[in-house]
$ cat target_10.cif   # mmCIF, N, CA and C atoms and all ligand atoms
data_structure
loop_
_atom_site.label_atom_id
_atom_site.label_comp_id
_atom_site.auth_asym_id
_atom_site.auth_seq_id
_atom_site.Cartn_x
_atom_site.Cartn_y
_atom_site.Cartn_z
N MET A 1 23.95 66.78 63.20
CA MET A 1 22.90 67.76 63.51
C MET A 1 23.32 68.61 64.72
N LYS A 2 23.28 69.91 64.54
CA LYS A 2 23.60 70.81 65.64
C LYS A 2 22.29 71.39 66.19
N GLN A 3 21.92 70.89 67.34
CA GLN A 3 20.65 71.33 67.91
C GLN A 3 20.84 72.34 69.04
N GLU A 4 22.09 72.56 69.43
CA GLU A 4 22.35 73.41 70.60
C GLU A 4 22.51 74.87 70.19
N ARG A 5 21.50 75.42 69.59
CA ARG A 5 21.58 76.82 69.20
C ARG A 5 20.67 77.65 70.09
N LYS A 6 21.07 78.88 70.29
CA LYS A 6 20.26 79.76 71.12
C LYS A 6 18.97 80.11 70.39
N PRO A 7 17.89 80.18 71.13
CA PRO A 7 16.62 80.54 70.49
C PRO A 7 16.63 82.00 70.05
N MET A 8 15.87 82.26 69.02
CA MET A 8 15.71 83.65 68.60
C MET A 8 14.78 84.35 69.58
N HIS A 9 14.90 85.65 69.65
CA HIS A 9 14.02 86.42 70.51
C HIS A 9 13.10 87.27 69.65
N CYS A 10 11.86 87.29 70.06
CA CYS A 10 10.88 88.08 69.31
C CYS A 10 11.24 89.56 69.40
N SER A 11 11.18 90.24 68.26
CA SER A 11 11.52 91.66 68.25
C SER A 11 10.41 92.51 68.86
N LYS A 12 9.23 91.90 69.03
CA LYS A 12 8.10 92.67 69.57
C LYS A 12 7.96 92.50 71.08
N CYS A 13 8.00 91.23 71.54
CA CYS A 13 7.75 91.00 72.96
C CYS A 13 8.92 90.30 73.66
N ASP A 14 10.00 90.06 72.95
CA ASP A 14 11.25 89.55 73.53
C ASP A 14 11.13 88.15 74.13
N MET A 15 10.12 87.40 73.72
CA MET A 15 10.02 86.02 74.17
C MET A 15 10.94 85.13 73.34
N ASP A 16 11.31 83.98 73.90
CA ASP A 16 12.05 83.00 73.12
C ASP A 16 11.13 82.44 72.04
N MET A 17 11.63 82.39 70.83
CA MET A 17 10.80 81.92 69.73
C MET A 17 11.04 80.42 69.51
N ASN A 18 10.02 79.76 68.99
CA ASN A 18 10.11 78.33 68.71
C ASN A 18 10.53 78.09 67.27
N LEU A 19 11.43 77.12 67.08
CA LEU A 19 11.79 76.74 65.72
C LEU A 19 10.60 76.01 65.11
N HIS A 20 10.05 76.59 64.10
CA HIS A 20 8.81 76.08 63.52
C HIS A 20 9.08 75.14 62.35
N ALA A 21 10.04 75.50 61.52
CA ALA A 21 10.30 74.69 60.33
C ALA A 21 11.64 75.08 59.73
N GLU A 22 12.11 74.22 58.86
CA GLU A 22 13.31 74.55 58.08
C GLU A 22 12.96 74.36 56.62
N LYS A 23 13.47 75.22 55.80
CA LYS A 23 13.23 75.07 54.37
C LYS A 23 14.45 75.51 53.60
N ILE A 24 14.52 75.05 52.39
CA ILE A 24 15.63 75.43 51.52
C ILE A 24 15.32 76.78 50.90
N ASN A 25 16.27 77.68 51.02
CA ASN A 25 16.10 79.01 50.46
C ASN A 25 16.59 79.01 49.01
N TYR A 26 15.68 78.78 48.10
CA TYR A 26 16.06 78.65 46.70
C TYR A 26 16.59 79.96 46.13
N ALA A 27 16.07 81.07 46.61
CA ALA A 27 16.54 82.37 46.11
C ALA A 27 18.01 82.57 46.46
N THR A 28 18.36 82.21 47.69
CA THR A 28 19.75 82.34 48.10
C THR A 28 20.64 81.38 47.34
N MET A 29 20.13 80.18 47.15
CA MET A 29 20.92 79.17 46.45
C MET A 29 21.24 79.63 45.03
N GLU A 30 20.28 80.24 44.39
CA GLU A 30 20.50 80.68 43.02
C GLU A 30 21.53 81.81 42.95
N SER A 31 21.46 82.69 43.92
CA SER A 31 22.39 83.82 43.91
C SER A 31 23.81 83.40 44.27
N LYS A 32 23.92 82.41 45.12
CA LYS A 32 25.25 81.99 45.55
C LYS A 32 25.91 81.02 44.58
N LYS A 33 25.10 80.35 43.79
CA LYS A 33 25.63 79.38 42.83
C LYS A 33 26.45 78.29 43.50
N LYS A 34 25.96 77.82 44.60
CA LYS A 34 26.69 76.79 45.32
C LYS A 34 25.94 75.46 45.22
N ALA A 35 26.70 74.42 45.35
CA ALA A 35 26.09 73.10 45.32
C ALA A 35 25.34 72.81 46.62
N GLU A 36 25.85 73.35 47.70
CA GLU A 36 25.21 73.08 48.99
C GLU A 36 23.88 73.84 49.09
N GLU A 37 22.94 73.25 49.76
CA GLU A 37 21.61 73.85 49.86
C GLU A 37 21.54 74.78 51.07
N PRO A 38 21.26 76.04 50.82
CA PRO A 38 21.10 76.97 51.94
C PRO A 38 19.76 76.73 52.64
N VAL A 39 19.83 76.44 53.90
CA VAL A 39 18.61 76.16 54.66
C VAL A 39 18.32 77.32 55.59
N VAL A 40 17.08 77.73 55.62
CA VAL A 40 16.68 78.78 56.55
C VAL A 40 15.77 78.18 57.61
N GLU A 41 15.92 78.67 58.82
CA GLU A 41 15.06 78.26 59.91
C GLU A 41 13.93 79.28 60.04
N ILE A 42 12.73 78.76 60.24
CA ILE A 42 11.58 79.64 60.44
C ILE A 42 11.17 79.54 61.90
N HIS A 43 11.19 80.66 62.59
CA HIS A 43 10.84 80.68 64.01
C HIS A 43 9.55 81.45 64.20
N THR A 44 8.75 80.97 65.16
CA THR A 44 7.51 81.66 65.47
C THR A 44 7.49 82.03 66.94
N CYS A 45 6.86 83.14 67.24
CA CYS A 45 6.75 83.60 68.62
C CYS A 45 5.47 83.06 69.24
N PRO A 46 5.58 82.40 70.41
CA PRO A 46 4.38 81.89 71.08
C PRO A 46 3.55 83.01 71.69
N GLY A 47 4.13 84.18 71.83
CA GLY A 47 3.41 85.27 72.46
C GLY A 47 2.52 86.03 71.50
N CYS A 48 3.11 86.49 70.39
CA CYS A 48 2.34 87.35 69.49
C CYS A 48 2.18 86.74 68.10
N GLY A 49 2.81 85.60 67.87
CA GLY A 49 2.63 84.93 66.59
C GLY A 49 3.52 85.45 65.48
N ALA A 50 4.47 86.30 65.82
CA ALA A 50 5.36 86.84 64.81
C ALA A 50 6.27 85.72 64.28
N THR A 51 6.74 85.88 63.07
CA THR A 51 7.66 84.92 62.50
C THR A 51 8.96 85.61 62.13
N ALA A 52 10.05 84.84 62.20
CA ALA A 52 11.35 85.37 61.80
C ALA A 52 12.14 84.23 61.21
N THR A 53 13.09 84.56 60.37
CA THR A 53 13.92 83.53 59.76
C THR A 53 15.39 83.86 59.96
N ARG A 54 16.19 82.81 59.92
CA ARG A 54 17.64 82.99 59.93
C ARG A 54 18.25 81.81 59.20
N GLU A 55 19.46 81.96 58.75
CA GLU A 55 20.12 80.87 58.06
C GLU A 55 20.50 79.78 59.05
N ALA A 56 20.21 78.55 58.70
CA ALA A 56 20.61 77.42 59.52
C ALA A 56 22.11 77.23 59.38
N GLN A 57 22.72 76.68 60.42
CA GLN A 57 24.18 76.44 60.38
C GLN A 57 24.49 75.02 60.72
ZN ZN A 101 6.29 88.10 70.07
#
$ encode --input "target_10.cif" --output "structure tokens"
Amino acid sequence: MKQERKPMHCSKCDMDMNLHAEKINYATMESKKKAEEPVVEIHTCPGCGATATREAQ
């Protein structure tokens, strides 16, 4: 498990966002046709409540 990743920054208020959840991106998995499961991280902003996603590594 790699936990030492930099936090995302909110595009609206530039606060550090919290990692809220991880989920498997089935749409990406289907397009890539790979056996490995593409996981996306869901981040939420504590300031304005915005959400953003990025691929987990
Ligand atoms: Zn924000």
$ residues_near_ligand --input "target_10.cif" --ligand "ligand ZN 101 (chain A)" --cutoff "7 Å" --atoms "only N, CA and C atoms and all ligand atoms" --output "PDB file with N, CA and C atoms, in the frame of the given file"
ATOM      1  N   HIS A   9      14.900  85.650  69.650  1.00  0.00           N
ATOM      2  CA  HIS A   9      14.020  86.420  70.510  1.00  0.00           C
ATOM      3  C   HIS A   9      13.100  87.270  69.650  1.00  0.00           C
ATOM      4  N   CYS A  10      11.860  87.290  70.060  1.00  0.00           N
ATOM      5  CA  CYS A  10      10.880  88.080  69.310  1.00  0.00           C
ATOM      6  C   CYS A  10      11.240  89.560  69.400  1.00  0.00           C
ATOM      7  N   SER A  11      11.180  90.240  68.260  1.00  0.00           N
ATOM      8  CA  SER A  11      11.520  91.660  68.250  1.00  0.00           C
ATOM      9  C   SER A  11      10.410  92.510  68.860  1.00  0.00           C
ATOM     10  N   LYS A  12       9.230  91.900  69.030  1.00  0.00           N
ATOM     11  CA  LYS A  12       8.100  92.670  69.570  1.00  0.00           C
ATOM     12  C   LYS A  12       7.960  92.500  71.080  1.00  0.00           C
ATOM     13  N   CYS A  13       8.000  91.230  71.540  1.00  0.00           N
ATOM     14  CA  CYS A  13       7.750  91.000  72.960  1.00  0.00           C
ATOM     15  C   CYS A  13       8.920  90.300  73.660  1.00  0.00           C
ATOM     16  N   ASP A  14      10.000  90.060  72.950  1.00  0.00           N
ATOM     17  CA  ASP A  14      11.250  89.550  73.530  1.00  0.00           C
ATOM     18  C   ASP A  14      11.130  88.150  74.130  1.00  0.00           C
ATOM     19  N   MET A  15      10.120  87.400  73.720  1.00  0.00           N
ATOM     20  CA  MET A  15      10.020  86.020  74.170  1.00  0.00           C
ATOM     21  C   MET A  15      10.940  85.130  73.340  1.00  0.00           C
ATOM     22  N   THR A  44       8.750  80.970  65.160  1.00  0.00           N
ATOM     23  CA  THR A  44       7.510  81.660  65.470  1.00  0.00           C
ATOM     24  C   THR A  44       7.490  82.030  66.940  1.00  0.00           C
ATOM     25  N   CYS A  45       6.860  83.140  67.240  1.00  0.00           N
ATOM     26  CA  CYS A  45       6.750  83.600  68.620  1.00  0.00           C
ATOM     27  C   CYS A  45       5.470  83.060  69.240  1.00  0.00           C
ATOM     28  N   PRO A  46       5.580  82.400  70.410  1.00  0.00           N
ATOM     29  CA  PRO A  46       4.380  81.890  71.080  1.00  0.00           C
ATOM     30  C   PRO A  46       3.550  83.010  71.690  1.00  0.00           C
ATOM     31  N   GLY A  47       4.130  84.180  71.830  1.00  0.00           N
ATOM     32  CA  GLY A  47       3.410  85.270  72.460  1.00  0.00           C
ATOM     33  C   GLY A  47       2.520  86.030  71.500  1.00  0.00           C
ATOM     34  N   CYS A  48       3.110  86.490  70.390  1.00  0.00           N
ATOM     35  CA  CYS A  48       2.340  87.350  69.490  1.00  0.00           C
ATOM     36  C   CYS A  48       2.180  86.740  68.100  1.00  0.00           C
ATOM     37  N   GLY A  49       2.810  85.600  67.870  1.00  0.00           N
ATOM     38  CA  GLY A  49       2.630  84.930  66.590  1.00  0.00           C
ATOM     39  C   GLY A  49       3.520  85.450  65.480  1.00  0.00           C
ATOM     40  N   ALA A  50       4.470  86.300  65.820  1.00  0.00           N
ATOM     41  CA  ALA A  50       5.360  86.840  64.810  1.00  0.00           C
ATOM     42  C   ALA A  50       6.270  85.720  64.280  1.00  0.00           C
TER      43      ALA A  50
END
$ closest_residue --input "target_10.cif" --among "A:Thr51, A:Val40, A:His20, A:Gln57" --to "A:Arg5" --atoms "only C-alpha atoms"
A:Gln57
$ atom_distance --input "target_10.cif" --atom1 "atom N of A:Glu37" --atom2 "atom CA of A:Asn25"
9.0 Å
$ select_by_dssp --input "target_10.cif" --residues "stretch 10-51 of chain A" --states "alpha helix (DSSP H)" --output "JSON, numbers by chain"
{"A": [26, 27, 28, 29, 30, 31, 32]}
$ atom_distance --input "target_10.cif" --atom1 "atom N of A:Ala21" --atom2 "atom N of A:His43"
5.4 Å
$ residues_around --input "target_10.cif" --residues "A:Ile42" --least-positions-apart "4" --cutoff "8 Å" --atoms "all atoms listed in the file" --output "NGL selection string"
:A and (17-23 or 51-56)
$ axis_aligned_box --input "target_10.cif" --around "stretch 11-16 of chain A" --padding-each-side "5 Å" --output "JSON"
{"center_x": 9.9, "center_y": 87.6, "center_z": 71.2, "size_x": 14.3, "size_y": 20.2, "size_z": 15.9}
$ decode --input "target_10.cif" --residues "chain A" --atoms "C-alpha atoms" --output "mmCIF file, in the first residue's frame"
data_model
loop_
_atom_site.group_PDB
_atom_site.id
_atom_site.type_symbol
_atom_site.label_atom_id
_atom_site.label_comp_id
_atom_site.auth_asym_id
_atom_site.auth_seq_id
_atom_site.Cartn_x
_atom_site.Cartn_y
_atom_site.Cartn_z
ATOM 1 C CA MET A 1 0.000 0.000 0.000
ATOM 2 C CA LYS A 2 1.367 3.385 -1.001
ATOM 3 C CA GLN A 3 -0.090 5.943 1.334
ATOM 4 C CA GLU A 4 2.504 8.684 0.873
ATOM 5 C CA ARG A 5 0.804 10.575 -1.895
ATOM 6 C CA LYS A 6 0.337 14.295 -2.083
ATOM 7 C CA PRO A 7 -3.185 15.466 -1.406
ATOM 8 C CA MET A 8 -5.222 16.879 -4.216
ATOM 9 C CA HIS A 9 -6.000 20.564 -4.129
ATOM 10 C CA CYS A 10 -9.464 21.910 -4.603
ATOM 11 C CA SER A 11 -9.802 23.756 -7.888
ATOM 12 C CA LYS A 12 -12.191 26.236 -6.258
ATOM 13 C CA CYS A 13 -10.619 27.157 -2.921
ATOM 14 C CA ASP A 14 -7.184 25.483 -3.131
ATOM 15 C CA MET A 15 -7.567 23.569 0.122
ATOM 16 C CA ASP A 16 -6.046 20.129 0.579
ATOM 17 C CA MET A 17 -8.707 17.592 -0.247
ATOM 18 C CA ASN A 18 -9.450 14.482 1.789
ATOM 19 C CA LEU A 19 -9.350 11.017 0.272
ATOM 20 C CA HIS A 20 -12.941 9.984 0.647
ATOM 21 C CA ALA A 21 -13.121 6.607 -1.047
ATOM 22 C CA GLU A 22 -11.646 4.320 -3.635
ATOM 23 C CA LYS A 23 -13.619 2.467 -6.228
ATOM 24 C CA ILE A 24 -13.023 0.355 -9.260
ATOM 25 C CA ASN A 25 -13.505 2.252 -12.474
ATOM 26 C CA TYR A 26 -15.381 -0.300 -14.529
ATOM 27 C CA ALA A 27 -15.639 1.984 -17.549
ATOM 28 C CA THR A 28 -11.877 2.320 -17.703
ATOM 29 C CA MET A 29 -11.388 -1.371 -17.133
ATOM 30 C CA GLU A 30 -13.616 -2.221 -20.059
ATOM 31 C CA SER A 31 -11.859 0.155 -22.403
ATOM 32 C CA LYS A 32 -8.392 -0.976 -21.432
ATOM 33 C CA LYS A 33 -9.170 -4.684 -21.543
ATOM 34 C CA LYS A 34 -6.753 -5.380 -18.762
ATOM 35 C CA ALA A 35 -6.897 -7.969 -16.071
ATOM 36 C CA GLU A 36 -5.820 -5.510 -13.429
ATOM 37 C CA GLU A 37 -8.547 -3.442 -11.832
ATOM 38 C CA PRO A 38 -8.259 0.286 -12.390
ATOM 39 C CA VAL A 39 -8.966 2.011 -9.105
ATOM 40 C CA VAL A 40 -9.938 5.638 -8.835
ATOM 41 C CA GLU A 41 -9.597 7.738 -5.717
ATOM 42 C CA ILE A 42 -12.462 10.023 -4.792
ATOM 43 C CA HIS A 43 -11.412 13.172 -2.970
ATOM 44 C CA THR A 44 -13.644 15.682 -1.264
ATOM 45 C CA CYS A 45 -12.915 19.256 -0.280
ATOM 46 C CA PRO A 46 -13.549 20.117 3.385
ATOM 47 C CA GLY A 47 -14.027 23.744 2.428
ATOM 48 C CA CYS A 48 -16.647 23.764 -0.304
ATOM 49 C CA GLY A 49 -17.607 20.117 -0.620
ATOM 50 C CA ALA A 50 -16.340 19.717 -4.152
ATOM 51 C CA THR A 51 -15.323 16.264 -5.304
ATOM 52 C CA ALA A 52 -12.554 15.181 -7.634
ATOM 53 C CA THR A 53 -11.177 11.877 -8.796
ATOM 54 C CA ARG A 54 -7.845 10.582 -9.950
ATOM 55 C CA GLU A 55 -6.430 7.192 -10.769
ATOM 56 C CA ALA A 56 -4.929 5.383 -7.819
ATOM 57 C CA GLN A 57 -1.341 4.217 -8.197
#
